[in-house]
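Heads up, my_file.cif below (mmCIF, C-alpha atoms):
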```
data_data
#
loop_
_atom_site.label_atom_id
_atom_site.label_comp_id
_atom_site.auth_asym_id
_atom_site.auth_seq_id
_atom_site.Cartn_x
_atom_site.Cartn_y
_atom_site.Cartn_z
CA MET A 1 12.62 14.24 9.10
CA THR A 2 13.21 17.88 9.74
CA PRO A 3 10.03 19.91 10.26
CA HIS A 4 10.01 22.15 7.22
CA GLY A 5 6.29 21.96 6.51
CA ASP A 6 4.50 20.78 3.38
CA GLY A 7 7.21 21.32 0.83
CA GLY A 8 9.83 23.69 2.12
CA ALA A 9 13.23 24.78 0.92
CA THR A 10 14.80 21.33 1.02
CA ASP A 11 12.13 19.58 -1.08
CA THR A 12 13.34 17.98 -4.29
CA HIS A 13 9.84 18.19 -5.75
CA GLY A 14 6.52 19.60 -4.67
CA PRO A 15 3.92 17.31 -3.12
CA LEU A 16 2.29 14.77 -5.38
CA PRO A 17 -1.36 15.54 -6.18
CA ARG A 18 -4.19 14.46 -3.92
CA VAL A 19 -6.78 11.98 -5.13
CA PRO A 20 -10.06 11.48 -3.18
CA LEU A 21 -10.77 8.08 -1.66
CA GLY A 22 -14.32 7.01 -2.41
CA ARG A 23 -16.92 9.20 -0.77
CA SER A 24 -14.79 9.79 2.32
CA ALA A 25 -12.94 12.88 3.49
CA ALA A 26 -9.64 11.01 3.10
CA TRP A 27 -7.28 11.22 0.13
CA THR A 28 -4.19 9.55 -1.24
CA THR A 29 -1.37 10.59 -3.47
CA PRO A 30 -1.11 8.53 -6.66
CA LEU A 31 2.22 7.17 -5.41
CA ALA A 32 2.14 6.10 -1.75
CA PHE A 33 4.86 4.92 0.63
CA GLY A 34 4.57 1.39 2.04
CA GLY A 35 6.13 1.14 5.49
CA ALA A 36 7.10 -2.54 5.76
CA GLY A 37 10.69 -1.78 4.74
CA VAL A 38 11.24 0.68 7.57
CA GLY A 39 9.94 -2.07 9.85
CA ASN A 40 13.02 -4.13 8.91
CA LEU A 41 11.41 -6.34 6.29
CA PHE A 42 13.98 -9.07 5.46
CA ARG A 43 16.93 -6.96 6.70
CA ALA A 44 17.88 -4.89 9.70
CA THR A 45 18.16 -1.12 9.40
CA ASP A 46 18.87 1.34 12.19
CA ASP A 47 16.75 4.32 13.16
CA GLU A 48 19.05 6.77 11.38
CA GLU A 49 18.83 4.95 8.06
CA ALA A 50 15.04 4.63 8.34
CA ALA A 51 14.80 8.35 9.09
CA ARG A 52 16.81 9.14 5.95
CA VAL A 53 14.50 6.96 3.86
CA LEU A 54 11.42 8.73 5.18
CA GLU A 55 13.03 12.16 4.78
CA SER A 56 13.81 11.38 1.14
CA ALA A 57 10.24 10.21 0.57
CA TRP A 58 8.90 13.51 1.87
CA ASP A 59 11.35 15.44 -0.28
CA GLU A 60 10.20 13.49 -3.34
CA GLY A 61 6.60 14.53 -2.74
CA PHE A 62 5.16 11.45 -1.03
CA ARG A 63 2.28 12.48 1.22
CA THR A 64 0.60 9.11 1.82
CA TYR A 65 2.14 6.59 4.20
CA ASP A 66 0.93 3.11 5.11
CA THR A 67 1.97 0.97 8.04
CA ALA A 68 0.70 -1.84 10.30
CA PRO A 69 1.41 -3.42 13.70
CA HIS A 70 2.55 -6.51 11.77
CA TYR A 71 5.48 -4.64 10.21
CA GLY A 72 8.41 -5.26 12.52
CA LEU A 73 6.20 -5.86 15.57
CA GLY A 74 5.32 -2.17 15.68
CA LEU A 75 8.72 -0.84 14.59
CA SER A 76 7.34 0.59 11.35
CA GLU A 77 4.65 2.50 13.24
CA ARG A 78 7.16 3.92 15.72
CA ARG A 79 9.51 5.07 12.96
CA LEU A 80 6.73 6.60 10.87
CA GLY A 81 5.40 8.42 13.92
CA ASP A 82 8.85 9.82 14.67
CA ALA A 83 9.20 11.00 11.07
CA LEU A 84 5.76 12.55 10.66
CA ARG A 85 4.98 13.94 14.11
CA ALA A 86 6.49 17.36 13.45
CA ARG A 87 4.76 17.75 10.08
CA PRO A 88 1.51 19.71 9.80
CA ARG A 89 -1.09 17.01 10.35
CA ASP A 90 -3.35 17.91 7.44
CA THR A 91 -0.52 17.76 4.90
CA TYR A 92 -0.28 13.96 4.79
CA THR A 93 -2.45 10.83 4.89
CA LEU A 94 -1.54 8.01 7.26
CA SER A 95 -3.05 4.52 7.30
CA THR A 96 -2.56 1.59 9.62
CA LYS A 97 -4.28 -1.75 10.04
CA VAL A 98 -6.24 -3.80 12.55
CA GLY A 99 -6.71 -7.53 12.93
CA ARG A 100 -3.39 -8.44 14.55
CA VAL A 101 -2.97 -7.51 18.21
CA LEU A 102 0.60 -7.50 19.57
CA GLU A 103 1.05 -9.21 22.92
CA PRO A 104 4.35 -9.09 24.86
CA LEU A 105 6.15 -12.39 25.25
CA PRO A 106 6.96 -13.28 28.86
CA ALA A 107 10.44 -14.49 27.90
CA PRO A 108 11.49 -12.84 24.60
CA HIS A 109 14.13 -14.69 22.62
CA GLY A 110 15.29 -15.00 19.03
CA ASP A 111 14.11 -12.93 16.11
CA ASP A 112 10.99 -12.44 13.99
CA LEU A 113 12.47 -13.57 10.68
CA ALA A 114 9.97 -16.41 10.49
CA HIS A 115 7.46 -13.64 9.76
CA GLY A 116 9.90 -11.80 7.51
CA PHE A 117 11.13 -9.07 9.88
CA ALA A 118 14.66 -8.65 11.23
CA VAL A 119 13.64 -7.54 14.72
CA PRO A 120 13.83 -9.18 18.16
CA ALA A 121 10.85 -11.44 18.86
CA THR A 122 9.50 -9.37 21.75
CA HIS A 123 5.81 -9.88 20.97
CA ARG A 124 3.49 -12.38 19.39
CA ARG A 125 0.74 -11.55 16.92
CA ARG A 126 -2.77 -12.66 17.81
CA GLN A 127 -5.41 -12.33 15.12
CA ASP A 128 -8.42 -10.53 16.56
CA PHE A 129 -11.31 -9.17 14.50
CA THR A 130 -13.63 -8.55 17.46
CA ALA A 131 -14.90 -5.04 18.13
CA ASP A 132 -12.76 -4.86 21.29
CA GLY A 133 -9.76 -6.16 19.35
CA VAL A 134 -10.17 -3.44 16.74
CA ARG A 135 -10.34 -0.70 19.36
CA ARG A 136 -7.38 -2.10 21.29
CA SER A 137 -5.29 -2.48 18.13
CA LEU A 138 -5.97 1.08 17.03
CA GLU A 139 -5.28 2.47 20.50
CA ASP A 140 -1.96 0.61 20.62
CA SER A 141 -1.07 1.85 17.13
CA LEU A 142 -1.75 5.46 18.11
CA GLY A 143 0.50 4.98 21.11
CA ARG A 144 3.36 3.70 18.96
CA LEU A 145 2.81 6.44 16.38
CA GLY A 146 2.58 9.15 19.01
CA LEU A 147 -0.31 10.71 17.08
CA ASP A 148 -3.92 11.41 17.98
CA ARG A 149 -5.42 10.00 14.80
CA VAL A 150 -4.87 8.08 11.61
CA ASP A 151 -6.80 8.77 8.43
CA ILE A 152 -7.48 5.26 7.14
CA VAL A 153 -7.78 1.96 9.00
CA TYR A 154 -7.61 -1.26 6.98
CA LEU A 155 -8.85 -4.66 8.08
CA HIS A 156 -5.63 -6.60 7.58
CA ASP A 157 -5.90 -10.00 5.86
CA PRO A 158 -9.22 -11.20 7.30
CA ASP A 159 -9.16 -14.23 4.94
CA ASP A 160 -9.89 -16.81 7.65
CA HIS A 161 -12.14 -14.52 9.70
CA GLU A 162 -14.61 -13.23 7.13
CA ARG A 163 -17.76 -13.52 9.22
CA GLN A 164 -16.23 -11.93 12.31
CA ALA A 165 -14.64 -9.16 10.25
CA LEU A 166 -18.02 -8.35 8.68
CA ASP A 167 -20.12 -8.72 11.83
CA GLU A 168 -17.79 -7.28 14.49
CA ALA A 169 -14.68 -5.53 13.16
CA TYR A 170 -16.35 -3.55 10.40
CA PRO A 171 -19.19 -2.15 12.59
CA ALA A 172 -16.58 -1.03 15.15
CA LEU A 173 -14.71 0.87 12.43
CA GLU A 174 -17.98 2.28 11.12
CA GLN A 175 -18.69 3.71 14.57
CA LEU A 176 -15.19 5.21 14.78
CA ARG A 177 -15.71 6.81 11.37
CA ALA A 178 -19.09 8.21 12.45
CA GLU A 179 -17.43 9.68 15.56
CA GLY A 180 -14.75 11.32 13.41
CA VAL A 181 -11.94 9.28 14.96
CA ILE A 182 -10.96 7.97 11.52
CA ARG A 183 -11.77 9.32 8.07
CA ALA A 184 -11.99 6.15 6.01
CA ILE A 185 -12.42 2.38 6.38
CA GLY A 186 -10.64 -0.10 4.19
CA VAL A 187 -9.78 -3.75 3.77
CA GLY A 188 -6.32 -4.90 2.72
CA MET A 189 -5.86 -8.31 1.11
CA ASN A 190 -3.97 -10.39 -1.45
CA GLN A 191 -7.15 -11.64 -3.11
CA SER A 192 -10.02 -9.91 -4.88
CA ALA A 193 -13.03 -12.12 -4.07
CA MET A 194 -13.46 -11.24 -0.39
CA PRO A 195 -12.81 -7.50 -0.84
CA THR A 196 -15.51 -7.58 -3.51
CA ARG A 197 -17.95 -8.86 -0.88
CA PHE A 198 -16.91 -6.07 1.47
CA VAL A 199 -17.48 -3.51 -1.28
CA ARG A 200 -20.89 -4.98 -2.06
CA ASP A 201 -22.13 -5.56 1.49
CA THR A 202 -20.64 -2.68 3.53
CA ASP A 203 -19.88 1.00 3.19
CA ILE A 204 -16.09 0.78 3.15
CA ASP A 205 -14.23 3.57 1.38
CA VAL A 206 -11.10 1.91 0.00
CA VAL A 207 -9.52 -1.46 -0.78
CA LEU A 208 -5.78 -2.01 -0.55
CA LEU A 209 -5.31 -4.78 -3.10
CA ALA A 210 -1.95 -6.57 -3.28
CA GLY A 211 -0.81 -8.32 -6.44
CA ARG A 212 -4.14 -8.89 -8.16
CA TYR A 213 -4.06 -6.01 -10.62
CA THR A 214 -0.65 -6.01 -12.25
CA LEU A 215 0.88 -6.49 -15.68
CA LEU A 216 0.92 -10.24 -14.95
CA ASP A 217 -2.30 -10.71 -12.96
CA GLN A 218 -5.43 -8.73 -13.76
CA SER A 219 -7.85 -11.04 -11.95
CA ALA A 220 -9.38 -8.12 -9.99
CA ARG A 221 -10.65 -6.72 -13.28
CA ASP A 222 -13.39 -9.36 -13.31
CA ASP A 223 -14.87 -8.81 -9.84
CA LEU A 224 -13.44 -6.12 -7.55
CA LEU A 225 -12.74 -3.26 -9.92
CA PRO A 226 -16.17 -3.06 -11.60
CA GLN A 227 -17.92 -3.43 -8.23
CA ALA A 228 -15.70 -0.74 -6.69
CA LEU A 229 -16.46 1.60 -9.57
CA HIS A 230 -20.19 0.93 -9.21
CA ARG A 231 -20.14 1.54 -5.45
CA HIS A 232 -17.80 4.56 -5.56
CA VAL A 233 -15.10 2.75 -3.57
CA SER A 234 -11.46 3.52 -4.34
CA VAL A 235 -8.73 0.93 -4.83
CA VAL A 236 -5.09 1.37 -3.89
CA ALA A 237 -2.92 -1.12 -5.78
CA GLY A 238 -0.07 -2.75 -3.87
CA GLY A 239 2.25 -5.58 -4.84
CA VAL A 240 2.52 -4.15 -8.35
CA PHE A 241 5.80 -6.01 -8.96
CA ASN A 242 4.26 -9.33 -7.80
CA SER A 243 6.98 -9.47 -5.11
CA GLY A 244 9.85 -8.81 -7.51
CA LEU A 245 9.38 -10.40 -10.91
CA LEU A 246 8.11 -7.21 -12.55
CA ALA A 247 10.85 -5.09 -11.00
CA ALA A 248 13.81 -6.93 -12.54
CA PRO A 249 12.97 -10.30 -14.11
CA CYS A 250 15.70 -12.92 -13.88
CA PRO A 251 15.88 -16.67 -13.04
CA ASP A 252 16.10 -15.87 -9.31
CA SER A 253 13.08 -13.56 -9.31
CA THR A 254 10.14 -14.26 -7.05
CA TYR A 255 6.47 -14.18 -7.92
CA ASP A 256 4.09 -13.84 -4.97
CA TYR A 257 7.01 -14.66 -2.62
CA ALA A 258 8.01 -17.94 -4.30
CA THR A 259 10.38 -18.69 -7.16
CA ALA A 260 8.78 -17.43 -10.34
CA PRO A 261 7.43 -20.19 -12.63
CA ALA A 262 9.22 -20.44 -15.96
CA HIS A 263 6.21 -19.35 -18.01
CA LEU A 264 5.75 -16.19 -15.95
CA LEU A 265 9.46 -15.39 -16.13
CA ASP A 266 9.26 -15.71 -19.90
CA GLN A 267 6.24 -13.43 -19.96
CA ALA A 268 7.94 -10.83 -17.77
CA LEU A 269 11.06 -10.89 -19.96
CA HIS A 270 8.87 -10.37 -23.02
CA LEU A 271 7.17 -7.38 -21.37
CA GLN A 272 10.60 -6.03 -20.48
CA LYS A 273 11.60 -6.16 -24.15
CA VAL A 274 8.42 -4.36 -25.18
CA CYS A 275 9.09 -1.57 -22.67
CA GLY A 276 12.77 -1.44 -23.61
CA ARG A 277 11.92 -0.69 -27.23
CA HIS A 278 10.42 2.55 -25.97
CA GLY A 279 13.25 3.33 -23.55
CA VAL A 280 11.15 2.65 -20.46
CA PRO A 281 12.15 0.26 -17.63
CA LEU A 282 9.65 -2.48 -16.92
CA ARG A 283 9.41 -1.36 -13.29
CA ALA A 284 8.17 2.06 -14.44
CA ALA A 285 5.41 0.50 -16.53
CA ALA A 286 4.48 -1.94 -13.75
CA ALA A 287 4.11 0.84 -11.19
CA ARG A 288 2.09 3.05 -13.53
CA PHE A 289 -0.17 0.40 -15.08
CA PRO A 290 -2.85 0.10 -12.33
CA LEU A 291 -3.63 3.82 -12.57
CA GLY A 292 -5.19 3.19 -15.96
CA HIS A 293 -8.33 1.84 -14.31
CA PRO A 294 -10.76 4.53 -13.11
CA ALA A 295 -11.36 2.71 -9.81
CA VAL A 296 -7.66 2.88 -8.86
CA ALA A 297 -6.73 5.99 -6.91
CA GLY A 298 -3.10 5.19 -6.15
CA VAL A 299 -0.22 2.74 -6.15
CA LEU A 300 1.51 1.71 -2.92
CA LEU A 301 5.22 0.85 -3.15
CA GLY A 302 7.19 -0.77 -0.35
CA LEU A 303 10.45 1.19 -0.18
CA SER A 304 13.37 0.48 2.14
CA SER A 305 16.26 2.65 0.92
CA THR A 306 16.80 6.20 -0.27
CA GLU A 307 17.89 4.82 -3.63
CA GLN A 308 14.56 3.00 -4.01
CA VAL A 309 12.65 6.14 -3.04
CA HIS A 310 14.42 8.35 -5.58
CA ASP A 311 14.09 5.72 -8.30
CA ALA A 312 10.38 5.21 -7.61
CA ALA A 313 9.71 8.93 -7.83
CA ALA A 314 11.82 9.33 -10.96
CA GLN A 315 10.12 6.41 -12.70
CA PHE A 316 6.70 7.72 -11.74
CA ARG A 317 7.50 11.12 -13.25
CA ARG A 318 9.15 9.63 -16.34
CA PRO A 319 7.25 10.41 -19.56
CA VAL A 320 5.86 7.19 -21.01
CA PRO A 321 4.85 7.18 -24.68
CA ASP A 322 1.30 6.12 -25.54
CA ALA A 323 2.83 3.78 -28.13
CA MET A 324 4.35 1.70 -25.33
CA TRP A 325 0.96 1.23 -23.72
CA ARG A 326 -0.51 0.21 -27.05
CA ASP A 327 2.22 -2.41 -27.47
CA LEU A 328 1.78 -3.63 -23.90
CA LYS A 329 -1.96 -3.95 -24.43
CA THR A 330 -1.24 -6.49 -27.11
CA ALA A 331 1.62 -8.22 -25.30
CA ALA A 332 -0.13 -8.59 -21.94
CA ARG A 333 -3.76 -8.69 -23.13
CA LEU A 334 -4.50 -5.53 -21.17
CA VAL A 335 -7.81 -3.69 -21.24
CA ASP A 336 -7.08 -0.52 -19.27
CA VAL A 337 -3.87 1.49 -19.51
CA PRO A 338 -2.94 4.95 -18.22
CA ARG A 339 -3.37 8.06 -20.24
CA GLU A 340 -0.16 10.06 -20.12
CA PRO A 341 0.66 12.16 -18.27
CA TYR A 342 -1.16 10.98 -15.12
CA VAL A 343 -2.54 13.97 -13.24
CA GLY A 344 -4.32 13.41 -9.95
CA GLN A 345 -7.32 15.42 -8.85
CA ARG A 346 -6.53 17.84 -6.08
CA VAL A 347 -8.88 18.01 -3.12
#
```
Turn this file's structure into structure tokens for me.
Amino acid sequence: MTPHGDGGATDTHGPLPRVPLGRSAAWTTPLAFGGAGVGNLFRATDDEEAARVLESAWDEGFRTYDTAPHYGLGLSERRLGDALRARPRDTYTLSTKVGRVLEPLPAPHGDDLAHGFAVPATHRRRQDFTADGVRRSLEDSLGRLGLDRVDIVYLHDPDDHERQALDEAYPALEQLRAEGVIRAIGVGMNQSAMPTRFVRDTDIDVVLLAGRYTLLDQSARDDLLPQALHRHVSVVAGGVFNSGLLAAPCPDSTYDYATAPAHLLDQALHLQKVCGRHGVPLRAAAARFPLGHPAVAGVLLGLSSTEQVHDAAAQFRRPVPDAMWRDLKTAARLVDVPREPYVGQRV
């Protein structure tokens, strides 16, 4: 990215609006950039291509960026740091995650594709939700980013470490928040039950929820979303395409990273027809849908090419008729749908 400030002469659009996250001082934009792709998720990209992707995201108004040590064994963090370092620090929100500490391998060999990333296998991931592990992970992340702070830190997939995450990792993050080192604490998971317990039993600010509040799976509506609304905790919806099926349904589509079952493929194709009658691509409806719930502050999209970035921004800004949402409510048994146009609250 070239350092032309928050906006600047080369911007395609102005910055997307800012939406507060819970009761914290942090904020998100309603459309956020997921950094797994620039960490070489599923395919190798070079630094120049990743830089172009991140430059195009800035030009399209993205001001919220999410990453993790897990993404490319730190590659995503390094590339995001390189892209954002010259930007005015208060013009963007940056989140990373703790719970996986990277440890160098004594004899690196092979690649990391077993974990989904096309990078050399130079490190191993060790899950660590101790207080010391949290501090070490964040310190290492700041070193890779080349920044002095991040805004949000998520506990990353603590599914098998619930007690330790609650008793050790969360208090460590709470202390860092009290010291002003971070602005907000979150938990990021692919399920809604455990994040609901975090919302109920701690003072977290935000939940990054993957795949459980989409046009095909609204299970979070029964537990997490009402509890988050009650406790003034924000939700950022990820995995809104359920790993691909809602982006472009076809027999080869995946649902939650496995071949989509026939009944879900049929349902997605039906939703695509409903959207098509109104001239709207299914992917546009899928990305916009979670914002209809008052607990949802933003949608996080994993983007790995400039074409995907421009398309995501264009679909987000596309006018969507209320009649389409009414038809989708019937077709997908939806309760909450966006009111058009979506306008975030500036902070």
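Near range 146-151 of chain A, within 9 Å and counting all atoms listed in the file, sit Ala25, Ala26, Trp27, Arg78, Gly81, Asp82, Arg85, Thr93, Leu94, Ser95, Thr96, Leu138, Ser141, Val181, Ile182, Arg183, Ala184 and Ile185 of chain A; same-chain residues fewer than 5 positions away were not included.
Reported to one decimal place, the separation of CA of Ala268 in chain A from CA of Leu208 in chain A is 23.7 Å.
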- Output the residue selection produced by the PyMOL selection byres ((chain A and resi 216-233) around 10) on the file above, formatted as JSON, numbers by chain. {"A": [21, 22, 23, 24, 186, 191, 192, 193, 194, 195, 196, 197, 198, 199, 200, 202, 203, 204, 205, 206, 207, 209, 211, 212, 213, 214, 215, 234, 235, 240, 241, 242, 245, 246, 255, 264, 267, 268, 271, 286, 290, 293, 294, 295, 296, 297, 332, 333, 334, 335, 336]}
- Message: Would you pick out the contacts of range 99-107 of chain A at 6 Å or less, using all atoms listed in the file, so that residues sharing its chain but fewer than 6 positions from it are not included, and give the list as a PyMOL selection string?
- Response: chain A and resi 122-129+137+156
- Message: Taking 2 positions as the minimum chain separation for residues in the same chain, which residues sit within 8 Å of Arg79 in chain A when counting all atoms listed in the file? Answer as number ranges by chain.
- Response: A: 38-39, 47, 50-51, 75-77, 81-83, 145
- Figure out the distance between CA of Ala121 in chain A and CA of Ala86 in chain A, please, to one decimal in Å. 29.6 Å
- Applied to the shown file, which residues does the PyMOL selection byres ((chain A and resi 275-282) around 12) return, written as an MDAnalysis selection string? chainID A and resid 214:216 240:241 244:249 267:274 283:289 311:312 314:329 331:332
- Written as a PyMOL selection string, which residues does the PyMOL selection byres ((chain A and resi 238) around 6) give for the file shown? chain A and resi 209-210+237+239-240+299-300
- Query: Hey, what's within 7 Å of Gly298 in chain A if we count all atoms listed in the file and toss same-chain stuff fewer than 5 positions away? As a VMD selection string, please?
  - Reply: chain A and resid 28 to 32 236 to 237 291
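Here CA of Gln175 in chain A stands at a distance of 23.7 Å from CA of His70 in chain A.
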Build an axis-aligned box that encloses every atom of range 20-27 of chain A listed in the file, pad it by 8 Å on each side, and report its centre and edge lengths in Å to one decimal, as AutoDock Vina command-line options.
```
--center_x -12.1 --center_y 9.9 --center_z 0.2 --size_x 25.6 --size_y 21.9 --size_z 22.7
```
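With distances restricted to only C-alpha atoms, A:Lys97 is the closest residue to Asp140 in chain A from A:Asp59, A:Lys97, A:Glu179, A:Glu174.
The nearest approach to Arg18 in chain A among the residues A:Thr45, A:Ser56, A:Thr67, A:Thr91, with only C-alpha atoms taken into account, belongs to A:Thr91.
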- Message: Could you list, as a ChimeraX atom specification, every residue within 6 Å of Thr130 in chain A, counting only C-alpha atoms and ignoring same-chain residues fewer than 2 positions away?
- Response: /A:128,132-133,168-169
- A:Leu80, A:Val98, A:Ala114, A:Ala165: which is nearest Phe42 in chain A, counting all atoms listed in the file? A:Ala114
- Task: Counting only C-alpha atoms, figure out which residue out of A:Gly302, A:Asp167, A:Pro251, A:Thr330 gets nearest to Tyr65 in chain A.
- Result: A:Gly302
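Between Gln164 in chain A and the candidates A:Ala131, A:Arg136, A:Asn190, A:Ala262, the tightest atom-to-atom separation, counting all atoms listed in the file, involves A:Ala131.
Between Phe117 in chain A and the residues A:Leu16, A:Ala44, A:Leu301, A:Leu176, the shortest atom-to-atom distance, using all atoms listed in the file, involves A:Ala44.
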Output file: range 235-246 of chain A, N, CA and C atoms, as an mmCIF file, in the first residue's frame:
```
data_model
loop_
_atom_site.group_PDB
_atom_site.id
_atom_site.type_symbol
_atom_site.label_atom_id
_atom_site.label_comp_id
_atom_site.auth_asym_id
_atom_site.auth_seq_id
_atom_site.Cartn_x
_atom_site.Cartn_y
_atom_site.Cartn_z
ATOM 1 N N VAL A 235 -21.438 -8.795 17.554
ATOM 2 C CA VAL A 235 -21.089 -10.004 16.797
ATOM 3 C C VAL A 235 -20.596 -9.579 15.421
ATOM 4 N N VAL A 236 -19.492 -10.164 14.997
ATOM 5 C CA VAL A 236 -19.008 -10.033 13.631
ATOM 6 C C VAL A 236 -19.231 -11.384 12.964
ATOM 7 N N ALA A 237 -19.964 -11.393 11.876
ATOM 8 C CA ALA A 237 -20.326 -12.646 11.204
ATOM 9 C C ALA A 237 -19.273 -12.997 10.156
ATOM 10 N N GLY A 238 -18.663 -14.162 10.297
ATOM 11 C CA GLY A 238 -17.763 -14.697 9.284
ATOM 12 C C GLY A 238 -18.383 -15.928 8.660
ATOM 13 N N GLY A 239 -17.714 -16.485 7.678
ATOM 14 C CA GLY A 239 -18.194 -17.710 7.039
ATOM 15 C C GLY A 239 -19.588 -17.577 6.471
ATOM 16 N N VAL A 240 -19.917 -16.386 5.947
ATOM 17 C CA VAL A 240 -21.298 -16.133 5.522
ATOM 18 C C VAL A 240 -21.685 -16.915 4.271
ATOM 19 N N PHE A 241 -20.709 -17.470 3.560
ATOM 20 C CA PHE A 241 -20.998 -18.319 2.404
ATOM 21 C C PHE A 241 -20.955 -19.803 2.776
ATOM 22 N N ASN A 242 -20.813 -20.109 4.074
ATOM 23 C CA ASN A 242 -20.692 -21.497 4.531
ATOM 24 C C ASN A 242 -19.627 -22.248 3.745
ATOM 25 N N SER A 243 -18.510 -21.602 3.530
ATOM 26 C CA SER A 243 -17.297 -22.096 2.854
ATOM 27 C C SER A 243 -17.452 -22.222 1.350
ATOM 28 N N GLY A 244 -18.516 -21.685 0.768
ATOM 29 C CA GLY A 244 -18.596 -21.634 -0.690
ATOM 30 C C GLY A 244 -19.969 -21.846 -1.278
ATOM 31 N N LEU A 245 -20.806 -22.618 -0.614
ATOM 32 C CA LEU A 245 -22.099 -22.977 -1.201
ATOM 33 C C LEU A 245 -22.958 -21.757 -1.496
ATOM 34 N N LEU A 246 -22.931 -20.762 -0.619
ATOM 35 C CA LEU A 246 -23.767 -19.578 -0.823
ATOM 36 C C LEU A 246 -23.107 -18.534 -1.721
#
```
